Amino acid sequence: MSKAKGKLEVIEKYCKGCSICVEFCPTKVLAMDAFTVKVANPDACIACMQCELRCPDFAIKVEKIA
Ligand code: SF4
Ligand code: SF4
C-alpha cells in the first residue's frame with residue numbers, strides 16, 4: 001500500500017499568518033513567509049488534513065492524491 005499524499009492549495013487572501021497550520025503539520029510541510037504561510041516541502045505531505053481542519057480561516061485545502 002502506498003502512502004497517502006496531499007496536494008495543497010493556500011488561499012492567500014484568507015490567510016492571516018497565525019501559523020497554527022505550521023505548528024500542527026506533523027511532517028513540516030508548511031512554513032511562514034512573512035505574513036502568509038507557504039508550502040515549503042510539498043513532497044512531505046501525508047494528507048493528514050490537520051492544516052485544513054485547524055486553520056481558523058479556511059485558508060488551506062488539501063486534496064488527497066494516490
Ligand atoms: S492556520 Fe490558516 S490562517 Fe493560520 S497561517 Fe495557516 S493558513 Fe494561514
Ligand atoms: S495535510 Fe497534514 S501533512 Fe499535509 S500539509 Fe497539512 S498538516 Fe501537513
# chains A, B, ... in the order shown; residues from 1 in each chain; ligands from 1
>>> select_by_dssp(residues="chain A", states="helix (DSSP H, G or I)", output="list in words")
Ile20, Cys21, Val22, Glu23, Phe24, Pro42, Asp43, Ala44, Gln50, Cys51, Glu52, Leu53 and Arg54 of chain A
>>> residues_around(residues="range 48-56 of chain A", least_positions_apart="2", cutoff="8 Å", atoms="only C-alpha atoms", output="list in words")
Ile20, Cys21, Val22, Phe24, Cys25, Cys45, Ile46, Phe58, Ala59, Ile60, Lys61 and Val62 of chain A
>>> closest_residue(among="A:Ala4, A:Val37, A:Leu30, A:Ala47", to="Cys18 in chain A", atoms="only C-alpha atoms")
A:Val37
>>> closest_residue(among="A:Lys16, A:Ala44, A:Asp33, A:Lys38", to="ligand 2", atoms="only C-alpha atoms and all ligand atoms")
A:Ala44
>>> atom_distance(atom1="atom 5 (S, counted along the ligand's line) of ligand 1", atom2="CA of Ile65 in chain A")
22.9 Å
>>> select_by_dssp(residues="chain A", states="strand (DSSP E)", output="NGL selection string")
:A and (5-10 or 30-33 or 36-39 or 60-65)
>>> write_last_selection(atoms="all heavy atoms", output="short mmCIF file (atom, residue, chain, number, x, y, z; two decimals), in the first residue's frame")
data_model
loop_
_atom_site.label_atom_id
_atom_site.label_comp_id
_atom_site.auth_asym_id
_atom_site.auth_seq_id
_atom_site.Cartn_x
_atom_site.Cartn_y
_atom_site.Cartn_z
N LYS A 5 -0.77 10.89 -0.14
CA LYS A 5 -0.09 12.15 -0.44
C LYS A 5 -1.16 13.23 -0.54
O LYS A 5 -2.31 12.94 -0.82
CB LYS A 5 0.62 12.05 -1.79
CG LYS A 5 1.85 11.18 -1.73
CD LYS A 5 3.09 12.05 -1.89
CE LYS A 5 4.34 11.31 -1.53
NZ LYS A 5 5.20 12.14 -0.69
N GLY A 6 -0.75 14.45 -0.35
CA GLY A 6 -1.71 15.54 -0.46
C GLY A 6 -1.22 16.63 -1.40
O GLY A 6 -0.02 16.86 -1.51
N LYS A 7 -2.18 17.24 -2.05
CA LYS A 7 -1.88 18.41 -2.88
C LYS A 7 -2.49 19.60 -2.16
O LYS A 7 -3.67 19.58 -1.81
CB LYS A 7 -2.51 18.20 -4.25
CG LYS A 7 -2.11 19.22 -5.28
CD LYS A 7 -2.50 18.72 -6.68
CE LYS A 7 -2.59 19.87 -7.64
NZ LYS A 7 -3.98 20.32 -7.87
N LEU A 8 -1.68 20.60 -1.93
CA LEU A 8 -2.11 21.71 -1.08
C LEU A 8 -2.45 22.95 -1.90
O LEU A 8 -1.76 23.27 -2.87
CB LEU A 8 -0.99 22.09 -0.12
CG LEU A 8 -0.70 21.03 0.94
CD1 LEU A 8 0.67 21.24 1.50
CD2 LEU A 8 -1.74 21.08 2.03
N GLU A 9 -3.49 23.61 -1.43
CA GLU A 9 -3.81 24.92 -2.00
C GLU A 9 -3.94 25.91 -0.86
O GLU A 9 -4.71 25.68 0.09
CB GLU A 9 -5.14 24.83 -2.77
CG GLU A 9 -5.49 26.12 -3.46
CD GLU A 9 -6.93 26.17 -3.96
OE1 GLU A 9 -7.61 25.13 -3.91
OE2 GLU A 9 -7.36 27.25 -4.38
N VAL A 10 -3.18 26.98 -0.90
CA VAL A 10 -3.29 28.05 0.09
C VAL A 10 -4.04 29.21 -0.55
O VAL A 10 -3.66 29.69 -1.61
CB VAL A 10 -1.90 28.53 0.56
CG1 VAL A 10 -2.04 29.69 1.54
CG2 VAL A 10 -1.11 27.39 1.20
N LEU A 30 4.78 22.91 5.94
CA LEU A 30 4.44 24.33 5.88
C LEU A 30 5.44 25.18 6.66
O LEU A 30 6.01 24.73 7.65
CB LEU A 30 3.04 24.53 6.46
CG LEU A 30 1.95 23.70 5.77
CD1 LEU A 30 0.70 23.62 6.62
CD2 LEU A 30 1.63 24.27 4.40
N ALA A 31 5.61 26.42 6.21
CA ALA A 31 6.48 27.36 6.90
C ALA A 31 5.90 28.76 6.74
O ALA A 31 5.10 29.00 5.83
CB ALA A 31 7.88 27.31 6.31
N MET A 32 6.31 29.66 7.62
CA MET A 32 5.81 31.03 7.49
C MET A 32 6.72 31.83 6.57
O MET A 32 7.94 31.68 6.59
CB MET A 32 5.75 31.72 8.86
CG MET A 32 4.73 31.14 9.82
SD MET A 32 3.09 30.86 9.10
CE MET A 32 2.59 32.55 8.73
N ASP A 33 6.10 32.67 5.76
CA ASP A 33 6.82 33.55 4.86
C ASP A 33 6.26 34.94 5.12
O ASP A 33 5.22 35.30 4.59
CB ASP A 33 6.59 33.08 3.42
CG ASP A 33 7.34 33.93 2.42
OD1 ASP A 33 8.25 34.66 2.84
OD2 ASP A 33 7.01 33.86 1.22
N THR A 36 2.25 35.27 5.54
CA THR A 36 1.45 34.22 4.90
C THR A 36 2.18 32.90 5.03
O THR A 36 3.40 32.85 5.14
CB THR A 36 1.27 34.46 3.38
OG1 THR A 36 1.60 35.79 3.06
CG2 THR A 36 -0.12 34.16 2.93
N VAL A 37 1.39 31.84 5.00
CA VAL A 37 2.01 30.52 5.04
C VAL A 37 2.46 30.14 3.63
O VAL A 37 1.86 30.55 2.64
CB VAL A 37 1.02 29.49 5.63
CG1 VAL A 37 -0.06 29.09 4.66
CG2 VAL A 37 1.77 28.27 6.12
N LYS A 38 3.53 29.39 3.57
CA LYS A 38 3.96 28.89 2.26
C LYS A 38 4.18 27.38 2.35
O LYS A 38 4.42 26.85 3.44
CB LYS A 38 5.23 29.60 1.79
CG LYS A 38 6.44 29.27 2.63
CD LYS A 38 7.71 29.81 2.04
CE LYS A 38 8.86 29.43 2.98
NZ LYS A 38 10.14 29.94 2.61
N VAL A 39 4.08 26.75 1.22
CA VAL A 39 4.28 25.30 1.15
C VAL A 39 5.77 25.09 0.89
O VAL A 39 6.25 25.23 -0.23
CB VAL A 39 3.42 24.68 0.04
CG1 VAL A 39 3.57 23.17 0.04
CG2 VAL A 39 1.94 25.06 0.23
N ILE A 60 -6.53 26.86 3.89
CA ILE A 60 -5.78 25.75 3.30
C ILE A 60 -6.74 24.66 2.88
O ILE A 60 -7.65 24.30 3.64
CB ILE A 60 -4.75 25.15 4.28
CG1 ILE A 60 -3.66 26.15 4.58
CG2 ILE A 60 -4.12 23.89 3.71
CD1 ILE A 60 -2.40 25.53 5.14
N LYS A 61 -6.52 24.15 1.70
CA LYS A 61 -7.29 23.00 1.24
C LYS A 61 -6.32 21.89 0.88
O LYS A 61 -5.29 22.13 0.26
CB LYS A 61 -8.11 23.37 0.01
CG LYS A 61 -9.19 24.38 0.33
CD LYS A 61 -10.36 24.23 -0.63
CE LYS A 61 -11.47 25.22 -0.31
NZ LYS A 61 -11.91 25.17 1.09
N VAL A 62 -6.67 20.68 1.29
CA VAL A 62 -5.84 19.52 0.97
C VAL A 62 -6.65 18.58 0.08
O VAL A 62 -7.79 18.23 0.40
CB VAL A 62 -5.45 18.74 2.25
CG1 VAL A 62 -4.50 17.60 1.90
CG2 VAL A 62 -4.82 19.66 3.28
N GLU A 63 -6.04 18.23 -1.02
CA GLU A 63 -6.67 17.26 -1.92
C GLU A 63 -5.86 15.98 -1.82
O GLU A 63 -4.64 15.98 -2.02
CB GLU A 63 -6.64 17.80 -3.34
CG GLU A 63 -7.39 16.97 -4.34
CD GLU A 63 -7.07 17.41 -5.77
OE1 GLU A 63 -6.76 18.59 -5.98
OE2 GLU A 63 -7.12 16.54 -6.65
N LYS A 64 -6.54 14.89 -1.46
CA LYS A 64 -5.82 13.62 -1.36
C LYS A 64 -5.52 13.08 -2.75
O LYS A 64 -6.40 13.02 -3.60
CB LYS A 64 -6.67 12.59 -0.61
CG LYS A 64 -6.46 12.65 0.87
CD LYS A 64 -7.06 11.43 1.55
CE LYS A 64 -6.92 11.60 3.05
NZ LYS A 64 -7.53 10.51 3.81
N ILE A 65 -4.28 12.71 -2.96
CA ILE A 65 -3.92 12.07 -4.22
C ILE A 65 -3.30 10.71 -3.91
O ILE A 65 -2.84 10.48 -2.80
CB ILE A 65 -2.97 12.96 -5.06
CG1 ILE A 65 -1.79 13.44 -4.23
CG2 ILE A 65 -3.70 14.15 -5.64
CD1 ILE A 65 -0.78 14.25 -5.02
#
>>> closest_residue(among="A:Ala34, A:Lys28, A:Pro42, A:Cys15", to="ligand 1", atoms="only C-alpha atoms and all ligand atoms")
A:Cys15
>>> closest_residue(among="A:Ser19, A:Tyr14, A:Lys3, A:Thr27", to="ligand 2", atoms="only C-alpha atoms and all ligand atoms")
A:Thr27
